[in-house]
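Data block for coords.cif (mmCIF, C-alpha atoms):
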```
data_structure
loop_
_atom_site.label_atom_id
_atom_site.label_comp_id
_atom_site.auth_asym_id
_atom_site.auth_seq_id
_atom_site.Cartn_x
_atom_site.Cartn_y
_atom_site.Cartn_z
CA MET A 1 17.16 16.71 -77.71
CA ILE A 2 14.32 14.63 -76.31
CA ARG A 3 16.71 13.00 -73.78
CA ALA A 4 17.93 16.40 -72.63
CA ARG A 5 14.37 17.54 -72.08
CA ALA A 6 13.55 14.35 -70.20
CA ALA A 7 16.51 14.90 -67.86
CA LEU A 8 15.69 18.57 -67.40
CA GLY A 9 12.22 17.83 -66.05
CA PRO A 10 13.25 16.04 -62.84
CA LEU A 11 16.11 18.52 -62.29
CA LEU A 12 13.74 21.47 -62.55
CA TRP A 13 11.31 19.67 -60.26
CA LEU A 14 13.98 19.04 -57.66
CA SER A 15 15.30 22.60 -57.81
CA PHE A 16 11.83 24.01 -57.50
CA ALA A 17 11.06 21.72 -54.58
CA ILE A 18 14.25 22.60 -52.68
CA ILE A 19 13.74 26.32 -53.20
CA GLY A 20 10.11 25.94 -52.16
CA ILE A 21 11.06 24.10 -48.99
CA TRP A 22 13.72 26.68 -48.17
CA VAL A 23 11.28 29.54 -48.65
CA ALA A 24 8.52 27.79 -46.71
CA ASN A 25 10.78 27.15 -43.74
CA SER A 26 12.31 30.61 -43.69
CA GLY A 27 10.99 33.39 -41.56
CA PHE A 28 9.15 35.01 -44.49
CA ALA A 29 6.52 32.33 -44.69
CA ARG A 30 5.75 32.19 -40.97
CA PRO A 31 2.87 34.73 -41.02
CA VAL A 32 1.34 33.03 -44.06
CA ILE A 33 1.53 29.62 -42.41
CA GLY A 34 0.05 31.03 -39.21
CA ALA A 35 -2.83 32.59 -41.13
CA ALA A 36 -3.48 29.40 -43.09
CA THR A 37 -3.61 27.18 -40.02
CA ALA A 38 -5.79 29.72 -38.21
CA ALA A 39 -8.19 29.83 -41.15
CA PHE A 40 -8.65 26.08 -41.06
CA ALA A 41 -8.98 25.83 -37.28
CA PRO A 42 -12.81 26.34 -37.15
CA VAL A 43 -13.32 23.80 -39.91
CA GLN A 44 -11.13 21.32 -38.10
CA GLN A 45 -12.96 21.91 -34.82
CA VAL A 46 -16.31 21.21 -36.49
CA LEU A 47 -14.92 18.14 -38.23
CA THR A 48 -13.47 16.85 -34.97
CA VAL A 49 -16.82 17.22 -33.22
CA LEU A 50 -18.63 15.56 -36.12
CA VAL A 51 -16.34 12.52 -36.28
CA GLN A 52 -16.02 12.20 -32.51
CA PRO A 53 -18.82 9.56 -32.24
CA ALA A 54 -17.16 7.49 -34.96
CA GLY A 55 -13.85 7.83 -33.17
CA ASN A 56 -15.42 6.80 -29.88
CA LEU A 57 -17.02 3.80 -31.56
CA VAL A 58 -13.70 2.66 -33.01
CA ARG A 59 -12.01 3.25 -29.63
CA ASN A 60 -14.69 1.20 -27.88
CA VAL A 61 -14.34 -1.64 -30.37
CA LEU A 62 -10.57 -1.63 -29.95
CA ASP A 63 -10.93 -1.37 -26.16
CA VAL A 64 -13.22 -4.42 -26.05
CA GLY A 65 -10.54 -6.53 -27.71
CA ALA A 66 -7.85 -5.08 -25.46
CA SER A 67 -10.04 -5.52 -22.36
CA ARG A 68 -10.67 -9.15 -23.24
CA GLU A 69 -6.95 -9.79 -23.56
CA GLU A 70 -6.28 -7.86 -20.34
CA ASN A 71 -9.03 -9.82 -18.59
CA GLU A 72 -7.57 -13.13 -19.70
CA ARG A 73 -4.09 -12.05 -18.68
CA LEU A 74 -5.32 -10.92 -15.24
CA ARG A 75 -7.33 -14.13 -14.77
CA GLN A 76 -4.21 -16.18 -15.45
CA ALA A 77 -2.23 -13.95 -13.08
CA VAL A 78 -4.84 -14.45 -10.35
CA GLU A 79 -4.74 -18.22 -10.84
CA ARG A 80 -0.96 -18.20 -10.71
CA LEU A 81 -0.93 -16.01 -7.59
CA ASN A 82 -3.57 -18.14 -5.88
CA ALA A 83 -1.44 -21.23 -6.45
CA GLU A 84 1.54 -19.30 -5.12
CA VAL A 85 -0.39 -18.22 -2.01
CA VAL A 86 -1.44 -21.81 -1.32
CA ARG A 87 2.15 -22.97 -1.76
CA LEU A 88 3.42 -20.24 0.59
CA GLN A 89 0.74 -21.02 3.17
CA GLU A 90 1.76 -24.66 3.04
CA SER A 91 5.41 -23.63 3.48
CA ASP A 92 4.38 -21.45 6.40
CA ILE A 93 2.59 -24.36 8.10
CA GLU A 94 5.56 -26.64 7.41
CA ASN A 95 7.87 -24.00 8.83
CA GLU A 96 5.77 -23.69 11.97
CA ARG A 97 5.73 -27.46 12.41
CA LEU A 98 9.51 -27.74 12.00
CA ARG A 99 10.02 -24.86 14.42
CA ALA A 100 7.88 -26.66 17.01
CA MET A 101 9.84 -29.87 16.49
CA LEU A 102 13.14 -28.06 16.83
CA ASP A 103 11.98 -26.29 19.95
CA PHE A 104 10.85 -29.56 21.54
CA ARG A 105 14.14 -31.24 20.66
CA ARG A 106 16.11 -28.41 22.26
CA ARG A 107 14.06 -28.65 25.43
CA ASN A 108 14.23 -32.45 25.53
CA PRO A 109 17.71 -33.50 24.44
CA GLN A 110 17.25 -36.88 26.18
CA PHE A 111 14.91 -38.02 23.40
CA GLU A 112 16.15 -39.34 20.10
CA LEU A 113 13.34 -38.37 17.75
CA LEU A 114 12.43 -39.48 14.25
CA ALA A 115 10.04 -37.32 12.25
CA ALA A 116 7.34 -39.11 10.27
CA ARG A 117 4.53 -37.93 8.08
CA ILE A 118 0.99 -39.23 8.41
CA ILE A 119 0.15 -40.75 5.05
CA ALA A 120 -3.20 -42.36 5.79
CA MET A 121 -5.98 -41.89 8.28
CA ASP A 122 -9.64 -42.76 8.26
CA PRO A 123 -11.33 -39.88 10.01
CA SER A 124 -14.72 -41.60 9.94
CA SER A 125 -13.49 -44.76 11.63
CA PRO A 126 -14.22 -45.24 15.35
CA VAL A 127 -10.70 -46.68 15.62
CA ARG A 128 -8.50 -43.62 15.99
CA SER A 129 -5.22 -44.44 14.34
CA ALA A 130 -3.05 -43.35 11.46
CA THR A 131 -0.43 -44.77 9.13
CA ILE A 132 2.96 -43.05 9.08
CA ASP A 133 5.64 -43.17 6.40
CA ARG A 134 8.31 -44.78 8.56
CA GLY A 135 8.57 -48.46 9.45
CA ALA A 136 10.89 -51.22 10.52
CA ASP A 137 13.51 -50.13 7.97
CA ALA A 138 13.82 -46.86 9.89
CA GLY A 139 14.11 -48.69 13.20
CA LEU A 140 10.52 -48.47 14.37
CA ARG A 141 9.16 -51.13 16.71
CA GLU A 142 5.76 -51.82 18.19
CA GLY A 143 5.10 -49.92 21.39
CA MET A 144 7.24 -46.92 20.52
CA VAL A 145 5.78 -43.61 21.65
CA THR A 146 4.79 -40.91 19.20
CA LEU A 147 4.51 -37.19 19.82
CA SER A 148 3.12 -34.26 17.91
CA PRO A 149 5.60 -31.76 16.37
CA ALA A 150 5.18 -29.63 19.51
CA GLY A 151 5.95 -32.61 21.74
CA ASN A 152 2.46 -33.48 23.00
CA LEU A 153 1.55 -37.12 23.35
CA VAL A 154 -0.09 -38.61 20.26
CA GLY A 155 -0.07 -42.35 20.94
CA ARG A 156 2.02 -45.42 20.31
CA VAL A 157 3.06 -47.58 17.41
CA VAL A 158 0.85 -50.67 17.30
CA GLN A 159 1.81 -52.24 13.98
CA VAL A 160 5.03 -52.05 11.99
CA TRP A 161 5.68 -52.87 8.36
CA PRO A 162 9.01 -52.41 6.54
CA THR A 163 8.31 -48.87 5.34
CA THR A 164 5.20 -47.86 7.25
CA ALA A 165 3.69 -48.20 10.68
CA ARG A 166 0.31 -47.71 12.33
CA VAL A 167 0.01 -45.39 15.30
CA GLN A 168 -2.86 -45.74 17.75
CA PHE A 169 -3.95 -42.36 19.12
CA ILE A 170 -4.52 -41.84 22.84
CA VAL A 171 -8.11 -40.80 22.01
CA ASP A 172 -8.84 -44.29 20.70
CA SER A 173 -11.31 -46.12 22.92
CA SER A 174 -8.87 -48.98 23.57
CA SER A 175 -6.04 -46.67 24.61
CA SER A 176 -4.97 -46.34 28.26
CA VAL A 177 -2.20 -44.07 29.54
CA ASN A 178 -0.93 -43.79 33.11
CA ALA A 179 -1.15 -40.11 33.93
CA LEU A 180 -0.87 -37.60 36.75
CA ILE A 181 -2.11 -34.11 37.50
CA GLN A 182 0.77 -31.69 37.09
CA ARG A 183 0.29 -29.34 40.01
CA ALA A 184 2.62 -28.64 42.90
CA ASP A 185 0.00 -29.46 45.53
CA SER A 186 -1.55 -32.36 43.65
CA ARG A 187 0.25 -35.19 41.95
CA ALA A 188 -2.90 -37.28 41.65
CA LEU A 189 -2.44 -40.40 39.60
CA GLY A 190 -4.99 -41.83 37.22
CA ILE A 191 -5.51 -43.52 33.89
CA VAL A 192 -6.44 -41.61 30.77
CA ASN A 193 -8.74 -43.43 28.36
CA GLY A 194 -9.89 -42.40 24.94
CA LEU A 195 -13.52 -41.60 24.23
CA PRO A 196 -15.41 -41.26 20.96
CA GLY A 197 -15.19 -37.76 19.50
CA ASP A 198 -11.47 -37.30 20.21
CA ARG A 199 -12.11 -36.82 23.93
CA LEU A 200 -10.23 -38.13 26.95
CA LEU A 201 -11.40 -39.25 30.36
CA MET A 202 -9.05 -39.48 33.34
CA ARG A 203 -10.28 -42.27 35.64
CA TYR A 204 -9.32 -43.64 39.05
CA LEU A 205 -8.48 -40.26 40.56
CA PRO A 206 -8.58 -40.56 44.37
CA GLN A 207 -11.59 -38.84 45.98
CA GLN A 208 -9.47 -36.87 48.44
CA GLU A 209 -7.53 -35.13 45.65
CA GLU A 210 -8.78 -31.73 44.64
CA ILE A 211 -8.81 -31.68 40.87
CA ARG A 212 -9.62 -28.42 39.13
CA ALA A 213 -10.53 -27.42 35.62
CA GLY A 214 -7.39 -26.13 33.94
CA ASP A 215 -5.07 -28.65 35.56
CA ILE A 216 -2.43 -30.03 33.23
CA VAL A 217 -2.35 -33.79 32.69
CA VAL A 218 0.95 -35.49 31.85
CA THR A 219 2.18 -39.06 31.59
CA SER A 220 3.24 -40.52 34.94
CA GLY A 221 5.75 -43.01 33.57
CA LEU A 222 4.22 -45.80 35.64
CA GLY A 223 4.17 -49.13 33.86
CA GLU A 224 7.02 -47.84 31.67
CA SER A 225 4.78 -47.73 28.61
CA TYR A 226 5.35 -43.99 28.19
CA PRO A 227 8.16 -41.70 29.36
CA ARG A 228 7.28 -39.51 32.33
CA GLY A 229 6.13 -35.91 31.86
CA LEU A 230 4.67 -35.95 28.33
CA HIS A 231 1.85 -33.48 27.93
CA ILE A 232 -1.53 -35.18 27.43
CA GLY A 233 -4.03 -32.38 27.88
CA GLN A 234 -5.91 -30.16 30.26
CA VAL A 235 -8.76 -30.88 32.64
CA VAL A 236 -11.96 -29.19 31.51
CA GLU A 237 -14.48 -30.80 33.86
CA VAL A 238 -14.34 -32.81 37.07
CA LYS A 239 -17.00 -35.41 37.92
CA ARG A 240 -17.05 -36.17 41.63
CA ASN A 241 -19.64 -38.33 43.32
CA PRO A 242 -19.10 -38.79 47.11
CA VAL A 243 -20.46 -42.30 47.00
CA ASP A 244 -17.92 -43.44 44.43
CA LEU A 245 -14.44 -44.66 45.21
CA PHE A 246 -12.82 -42.45 42.59
CA GLN A 247 -13.49 -39.24 40.81
CA GLU A 248 -13.19 -38.66 37.05
CA ALA A 249 -12.03 -35.72 34.96
CA ARG A 250 -12.80 -34.91 31.37
CA VAL A 251 -9.55 -33.95 29.66
CA ASP A 252 -9.17 -31.86 26.53
CA PRO A 253 -6.31 -33.44 24.51
CA ALA A 254 -3.35 -31.16 23.74
CA VAL A 255 -3.23 -32.54 20.21
CA LYS A 256 -5.85 -31.68 17.61
CA PHE A 257 -5.96 -35.13 16.07
CA SER A 258 -8.15 -34.18 13.14
CA ARG A 259 -5.47 -31.67 12.03
CA LEU A 260 -2.44 -33.81 12.73
CA ASP A 261 -0.25 -34.34 9.66
CA SER A 262 3.06 -35.45 11.15
CA VAL A 263 4.47 -37.02 14.29
CA GLN A 264 7.78 -37.63 16.01
CA VAL A 265 8.68 -41.11 17.19
CA ILE A 266 10.83 -41.45 20.32
CA MET A 267 13.45 -43.94 19.17
CA ASN A 268 15.44 -44.30 22.37
CA PHE A 269 12.58 -45.14 24.71
CA VAL A 270 11.86 -48.82 24.82
CA PRO A 271 8.57 -49.63 26.56
CA ALA A 272 8.65 -52.29 29.22
CA GLY A 273 8.29 -55.81 27.92
CA LEU A 274 9.52 -54.99 24.42
CA ASP A 275 13.03 -56.29 24.91
CA MET B 1 -19.25 24.95 -60.18
CA SER B 2 -15.98 25.65 -61.88
CA THR B 3 -13.40 22.94 -62.38
CA ALA B 4 -10.82 24.87 -60.39
CA LEU B 5 -13.13 25.24 -57.42
CA ILE B 6 -13.99 21.53 -57.45
CA ALA B 7 -10.29 20.71 -57.58
CA VAL B 8 -9.54 23.01 -54.65
CA LEU B 9 -12.42 21.56 -52.61
CA PHE B 10 -11.27 18.02 -53.41
CA LEU B 11 -7.75 18.88 -52.32
CA LEU B 12 -8.87 20.52 -49.08
CA THR B 13 -11.19 17.61 -48.31
CA VAL B 14 -8.33 15.15 -48.74
CA VAL B 15 -6.08 17.23 -46.49
CA MET B 16 -8.77 17.52 -43.80
CA ILE B 17 -9.37 13.77 -43.93
CA HIS B 18 -5.62 13.26 -43.61
CA VAL B 19 -4.86 15.64 -40.73
CA THR B 20 -8.17 15.82 -38.82
CA ILE B 21 -10.68 13.07 -39.51
CA LEU B 22 -8.46 9.98 -39.63
CA PRO B 23 -6.50 10.83 -36.44
CA ALA B 24 -9.82 11.44 -34.64
CA VAL B 25 -11.50 8.29 -35.90
CA LEU B 26 -8.60 5.82 -35.76
CA PRO B 27 -6.71 5.81 -32.44
CA THR B 28 -4.32 3.18 -33.80
CA THR B 29 -0.55 3.09 -34.21
CA PHE B 30 -1.02 3.05 -37.98
CA ARG B 31 -3.38 5.06 -40.15
CA PRO B 32 -4.02 5.07 -43.87
CA ASP B 33 -2.25 7.85 -45.77
CA ALA B 34 -5.24 9.71 -47.22
CA LEU B 35 -3.10 12.09 -49.28
CA LEU B 36 -1.17 9.26 -50.90
CA ALA B 37 -4.38 7.28 -51.54
CA ALA B 38 -6.02 10.30 -53.19
CA THR B 39 -2.90 11.11 -55.19
CA MET B 40 -2.59 7.58 -56.54
CA THR B 41 -6.31 7.35 -57.31
CA TRP B 42 -6.36 10.66 -59.10
CA GLY B 43 -3.16 9.77 -60.94
CA ALA B 44 -4.71 6.57 -62.25
CA LEU B 45 -7.66 8.52 -63.62
CA ALA B 46 -6.18 11.84 -64.70
CA GLY B 47 -2.53 11.09 -65.33
CA TYR B 48 0.67 11.39 -63.38
CA ARG B 49 1.16 15.12 -63.98
CA GLN B 50 -2.02 15.97 -62.09
CA ALA B 51 -1.10 13.41 -59.44
CA VAL B 52 2.25 15.13 -58.91
CA ALA B 53 0.51 18.50 -58.59
CA LEU B 54 -1.99 17.08 -56.12
CA GLY B 55 0.78 15.43 -54.10
CA VAL B 56 2.93 18.55 -53.96
CA ILE B 57 0.19 21.00 -53.00
CA GLY B 58 -1.55 18.51 -50.69
CA GLY B 59 1.74 17.63 -49.04
CA PHE B 60 2.53 21.27 -48.52
CA LEU B 61 -0.82 21.76 -46.78
CA VAL B 62 -0.38 18.61 -44.69
CA ASP B 63 2.96 19.92 -43.44
CA LEU B 64 1.19 22.96 -42.00
CA TRP B 65 -0.11 20.64 -39.27
CA GLY B 66 2.68 18.10 -39.17
CA ASP B 67 6.13 18.02 -37.61
CA ALA B 68 8.06 17.72 -40.86
CA PRO B 69 9.72 20.78 -42.40
CA ILE B 70 7.15 22.62 -44.52
CA GLY B 71 7.18 21.28 -48.06
CA LEU B 72 8.99 18.04 -47.31
CA THR B 73 5.85 15.90 -47.54
CA GLY B 74 4.92 17.73 -50.74
CA LEU B 75 8.31 16.93 -52.21
CA LEU B 76 8.09 13.29 -51.21
CA VAL B 77 4.45 12.63 -52.18
CA GLY B 78 5.02 14.56 -55.40
CA THR B 79 7.98 12.32 -56.16
CA VAL B 80 6.11 9.14 -55.30
CA ALA B 81 3.23 10.34 -57.51
CA PHE B 82 5.44 9.64 -60.52
CA LEU B 83 4.66 6.01 -59.83
CA THR B 84 1.18 6.57 -61.23
CA ALA B 85 2.81 6.84 -64.62
CA ILE B 86 2.87 3.04 -64.73
CA GLY B 87 -0.89 3.26 -65.22
CA GLU B 88 -0.19 4.89 -68.55
CA ILE B 89 1.80 1.94 -69.83
CA PRO B 90 -0.35 0.48 -72.60
CA LEU B 91 0.17 -3.10 -71.45
CA ILE B 92 -1.42 -2.51 -68.08
CA PRO B 93 -5.23 -2.47 -68.11
CA ALA B 94 -6.94 0.57 -66.60
CA ASN B 95 -8.92 -0.38 -63.55
CA ALA B 96 -9.09 0.19 -59.80
CA LEU B 97 -6.28 -2.32 -59.26
CA VAL B 98 -3.72 0.15 -60.56
CA PRO B 99 -4.13 2.73 -57.77
CA LEU B 100 -4.43 -0.12 -55.26
CA ILE B 101 -1.04 -1.44 -56.26
CA THR B 102 0.63 1.95 -56.72
CA ALA B 103 -0.66 3.13 -53.32
CA PHE B 104 0.72 -0.03 -51.66
CA ILE B 105 4.12 0.27 -53.31
CA GLY B 106 4.05 4.06 -52.99
CA GLU B 107 3.67 3.84 -49.21
CA PHE B 108 6.91 1.88 -48.91
CA VAL B 109 8.70 4.26 -51.29
CA LEU B 110 7.34 7.26 -49.40
CA GLN B 111 8.41 5.89 -46.01
CA GLY B 112 11.84 5.01 -47.42
CA LEU B 113 12.31 8.53 -48.82
CA ARG B 114 11.00 10.07 -45.61
CA PHE B 115 13.49 7.99 -43.61
CA ILE B 116 16.36 9.14 -45.83
CA MET B 117 15.28 12.78 -45.68
CA PHE B 118 14.88 12.74 -41.91
CA GLN B 119 18.31 11.18 -41.54
CA ALA B 120 19.75 13.84 -43.82
CA LEU B 121 18.04 16.57 -41.78
CA GLY B 122 19.57 15.22 -38.58
CA ARG B 123 16.33 13.76 -37.20
CA PRO B 124 17.02 10.02 -37.13
CA VAL B 125 14.00 7.71 -37.15
CA GLU B 126 14.12 4.36 -35.34
CA LEU B 127 13.47 1.70 -37.97
CA GLY B 128 13.55 -1.31 -35.65
CA ASP B 129 10.58 -3.34 -34.45
CA PRO B 130 7.64 -2.52 -34.74
CA MET B 131 8.21 -0.03 -37.58
CA PRO B 132 8.18 -2.62 -40.42
CA ALA B 133 4.80 -3.92 -39.22
CA ILE B 134 3.42 -0.40 -38.88
CA ILE B 135 4.59 0.51 -42.39
CA LEU B 136 3.06 -2.68 -43.79
CA LEU B 137 -0.27 -2.02 -42.07
CA THR B 138 -0.18 1.59 -43.22
CA ALA B 139 0.43 0.44 -46.80
CA VAL B 140 -2.43 -2.07 -46.64
CA SER B 141 -4.85 0.45 -45.13
CA THR B 142 -3.82 3.10 -47.65
CA SER B 143 -4.64 0.66 -50.44
CA MET B 144 -8.01 -0.01 -48.82
CA LEU B 145 -8.68 3.71 -48.68
CA VAL B 146 -8.12 3.87 -52.43
CA LEU B 147 -11.29 1.78 -52.77
CA GLY B 148 -13.13 4.52 -50.88
CA PHE B 149 -11.69 7.32 -52.99
CA TYR B 150 -11.97 5.63 -56.35
CA PRO B 151 -15.75 5.97 -57.02
CA PHE B 152 -15.74 9.59 -55.93
CA ALA B 153 -12.62 10.41 -57.95
CA ARG B 154 -14.13 8.67 -60.95
CA TRP B 155 -17.32 10.66 -60.57
CA LEU B 156 -15.32 13.85 -60.18
CA ASP B 157 -13.19 13.04 -63.18
CA ARG B 158 -16.32 12.64 -65.32
CA ARG B 159 -17.88 15.74 -63.78
CA MET B 160 -14.85 17.73 -64.78
CA LYS B 161 -15.29 16.28 -68.25
CA ARG B 162 -11.72 15.34 -68.63
CA PRO B 163 -10.83 13.36 -71.71
CA ARG B 164 -10.82 9.66 -70.83
CA LEU B 165 -7.45 8.08 -70.91
CA GLU B 166 -7.28 5.09 -73.15
CA TRP B 167 -4.68 2.62 -71.87
#
```
For this file, produce the structure as structure tokens.
Amino acid sequence: MIRARAALGPLLWLSFAIIGIWVANSGFARPVIGAATAAFAPVQQVLTVLVQPAGNLVRNVLDVGASREENERLRQAVERLNAEVVRLQESDIENERLRAMLDFRRRNPQFELLAARIIAMDPSSPVRSATIDRGADAGLREGMVTLSPAGNLVGRVVQVWPTTARVQFIVDSSSSVNALIQRADSRALGIVNGLPGDRLLMRYLPQQEEIRAGDIVVTSGLGESYPRGLHIGQVVEVKRNPVDLFQEARVDPAVKFSRLDSVQVIMNFVPAGLD
Amino acid sequence: MSTALIAVLFLLTVVMIHVTILPAVLPTTFRPDALLAATMTWGALAGYRQAVALGVIGGFLVDLWGDAPIGLTGLLVGTVAFLTAIGEIPLIPANALVPLITAFIGEFVLQGLRFIMFQALGRPVELGDPMPAIILLTAVSTSMLVLGFYPFARWLDRRMKRPRLEW
């Protein structure tokens, strides 16, 4: 009897609940539900206003944590993107350099060129030279001529080791290059010497030649130390004194030596006296 | 104030906390179940029969503002309220730990029943990640809310001069 009553309880409960749910969800109860929710609406509005500050406080506390995480995430993203930008800029520079090399090679098929990277340079030294990452093992020999990626004259190899070599720049004070003014009405010959401060001075220019600022200076090929026609720079100032035998011209080098990071070595030009 | 009026006010307060105050105060993915916490607390003090009544009527009222079919929450909370009967087992000491534990377990039972009922009603609920974590956090926070309800419910129980249950 007791067991029957115990089983009846849950069954009655379930029946009542199902009937209640059915009635509540039928159309009959809709007005009652509407009235009940409407009756509570003012109370809920007041409660919402009252607890709003507490809600805002909790939101702010949660937002601080979220903002900190977001901040950290963004900081890492900025760092990552900065590194990416630097890498891309470096690739861009490398691309530009290779383009210049390719362009020079197309225009000068007579030269057999070997690209080399500058691996050491003392910018504070009065001796303007640099060490490149190619040496005797790559076929380099003393006296070989080096160019910039764009094909402008850089200097010549003065010392060679098995895997590296030292290149003396034309702006070094001990450097001399036979040069000429590249103009149709003036093929004046002279010698370009290096000056401190990465400057060049073209000496021994005949007085009767009219040299102008803006004239292009190229190698003359005399003495067979350098191939003919390599771009050295541009005349920026002419110093003429009627009492002197020769006039001089200050030349702006075509190569920015302080920014130079790679060179090309002409492998198939053997300077006179090397063989 | 009559006992009936106090009971009605208590019930309405719980429902308002459940449907209005907690959603406004806690903009989180989980919230404590105020109705379940109150039901389990009251059940531990006044017995499971009153807990079932509180759960059924409170659940019915909660459904007025929820998206479940009217009465479903009442049915489920009322069913889960039977769990408070374990507080009447003589071996278990009567203290605030009982509603804490029953609220924690009750939340899982309630969510399980709700899942089954929604499936049966053709409204499937996604139980994958992060639902288990949300249910766990809801259960923990519901148990914490019991600590808030317990002193008030105890005071109310005395105020209503109910005979103390001796477990």
For the file shown, what are the residues hit by the PyMOL selection byres ((chain A) within 7 of (chain B)), laid out as a PDB file with C-alpha atoms, in the frame of the given file?
```
ATOM      1  CA  ALA A  17      11.060  21.720 -54.580  1.00  0.00           C
ATOM      2  CA  GLY A  20      10.110  25.940 -52.160  1.00  0.00           C
ATOM      3  CA  ILE A  21      11.060  24.100 -48.990  1.00  0.00           C
ATOM      4  CA  ALA A  24       8.520  27.790 -46.710  1.00  0.00           C
ATOM      5  CA  ASN A  25      10.780  27.150 -43.740  1.00  0.00           C
ATOM      6  CA  ILE A  33       1.530  29.620 -42.410  1.00  0.00           C
ATOM      7  CA  THR A  37      -3.610  27.180 -40.020  1.00  0.00           C
ATOM      8  CA  GLN A  44     -11.130  21.320 -38.100  1.00  0.00           C
ATOM      9  CA  LEU A  47     -14.920  18.140 -38.230  1.00  0.00           C
ATOM     10  CA  THR A  48     -13.470  16.850 -34.970  1.00  0.00           C
ATOM     11  CA  VAL A  51     -16.340  12.520 -36.280  1.00  0.00           C
ATOM     12  CA  GLN A  52     -16.020  12.200 -32.510  1.00  0.00           C
ATOM     13  CA  ALA A  54     -17.160   7.490 -34.960  1.00  0.00           C
ATOM     14  CA  GLY A  55     -13.850   7.830 -33.170  1.00  0.00           C
ATOM     15  CA  VAL A  58     -13.700   2.660 -33.010  1.00  0.00           C
ATOM     16  CA  ARG A  59     -12.010   3.250 -29.630  1.00  0.00           C
TER      17      ARG A  59
END
```
Expand the PyMOL selection byres ((chain A and resi 171) around 8) into the individual residues it matches in the shown file, reporting them as a tab-separated table (two decimals) with C-alpha atoms, in the coordinates of the input.
```
chain	number	residue	atom	x	y	z
A	128	ARG	CA	-8.50	-43.62	15.99
A	169	PHE	CA	-3.95	-42.36	19.12
A	170	ILE	CA	-4.52	-41.84	22.84
A	172	ASP	CA	-8.84	-44.29	20.70
A	173	SER	CA	-11.31	-46.12	22.92
A	175	SER	CA	-6.04	-46.67	24.61
A	193	ASN	CA	-8.74	-43.43	28.36
A	194	GLY	CA	-9.89	-42.40	24.94
A	195	LEU	CA	-13.52	-41.60	24.23
A	196	PRO	CA	-15.41	-41.26	20.96
A	198	ASP	CA	-11.47	-37.30	20.21
A	199	ARG	CA	-12.11	-36.82	23.93
A	200	LEU	CA	-10.23	-38.13	26.95
A	253	PRO	CA	-6.31	-33.44	24.51
```
Query raised in the report: Which residue gives the smallest distance to Leu140 in chain A among A:Val265, A:Ala254, A:Ala36, A:Ala213, with only C-alpha atoms counted?
Result: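 Of A:Val265, A:Ala254, A:Ala36, A:Ala213, the one nearest Leu140 in chain A is A:Val265, counting only C-alpha atoms.
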Query raised in the report: Mind telling me what the PyMOL selection byres ((chain B and resi 39) around 8) catches here, as a ChimeraX atom specification?
Result: /B:35-38,40-43,51-52,54-55,81
Requested in this report: Identify which of the residues A:Ser148, A:Gln234, A:Thr219, A:Ser258 lies closest to Leu98 in chain A, counting all atoms listed in the file when measuring atom-to-atom distances.
Outcome: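 Closest residue, counting all atoms listed in the file: A:Ser148.
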Query - One-decimal distance in Å that lies between CA of Thr102 in chain B and CA of Leu83 in chain B - result: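 So the two atoms, CA of Leu83 in chain B and CA of Thr102 in chain B, lie 6.5 Å apart.
You will find CA of Gln264 in chain A at 26.5 Å from CA of Arg183 in chain A.
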Requested in this report: For CA of Gln168 in chain A and CA of Leu147 in chain A, determine how far apart the two atoms are, in Å to one decimal place.
Outcome: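 Calculated distance between CA of Gln168 in chain A and CA of Leu147 in chain A is 11.5 Å.
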Requested in this report: Do a neighbour search on Ile216 in chain A at 9 Å with all atoms listed in the file, toss out local chain neighbours closer than 5 positions, and write the hits as number ranges by chain.
Outcome: A: 180-183, 231-235, 251
For the residues in the current selection, export C-alpha atoms as a PDB file, keeping the file's coordinate frame.
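Printed below is result_5.pdb as written:
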```pdb
ATOM      1  CA  LEU A 180      -0.870 -37.600  36.750  1.00  0.00           C
ATOM      2  CA  ILE A 181      -2.110 -34.110  37.500  1.00  0.00           C
ATOM      3  CA  GLN A 182       0.770 -31.690  37.090  1.00  0.00           C
ATOM      4  CA  ARG A 183       0.290 -29.340  40.010  1.00  0.00           C
ATOM      5  CA  HIS A 231       1.850 -33.480  27.930  1.00  0.00           C
ATOM      6  CA  ILE A 232      -1.530 -35.180  27.430  1.00  0.00           C
ATOM      7  CA  GLY A 233      -4.030 -32.380  27.880  1.00  0.00           C
ATOM      8  CA  GLN A 234      -5.910 -30.160  30.260  1.00  0.00           C
ATOM      9  CA  VAL A 235      -8.760 -30.880  32.640  1.00  0.00           C
ATOM     10  CA  VAL A 251      -9.550 -33.950  29.660  1.00  0.00           C
TER      11      VAL A 251
END
```
Requested in this report: Quick one: everything within 10 Å of Glu209 in chain A, counting all atoms listed in the file, minus sequence neighbours fewer than 3 positions away in the same chain. Send it as a PyMOL selection string.
Outcome: chain A and resi 181+185-189+205-206+212+246-247
**Report entry** Closest of B:Gly58, B:Gly106, B:Gly47, B:Pro99 to Val80 in chain B - atom-to-atom distances counting all atoms listed in the file
**Finding:**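 Ranked by minimum distance to Val80 in chain B, first place goes to B:Gly106.
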Neighbouring residues of Leu97 in chain B were defined as those with any atom within 10 Å, considering all atoms listed in the file; residues of the same chain fewer than 5 positions away were excluded. Please report them as a compact mmCIF listing (two decimals) with C-alpha atoms, in the frame of the given file.
```
# COMPACT_ATOMS: atom_id res chain seq x y z
CA THR B 41 -6.31 7.35 -57.31
CA ALA B 44 -4.71 6.57 -62.25
CA GLY B 87 -0.89 3.26 -65.22
CA THR B 102 0.63 1.95 -56.72
CA ALA B 103 -0.66 3.13 -53.32
CA SER B 143 -4.64 0.66 -50.44
CA VAL B 146 -8.12 3.87 -52.43
CA LEU B 147 -11.29 1.78 -52.77
```
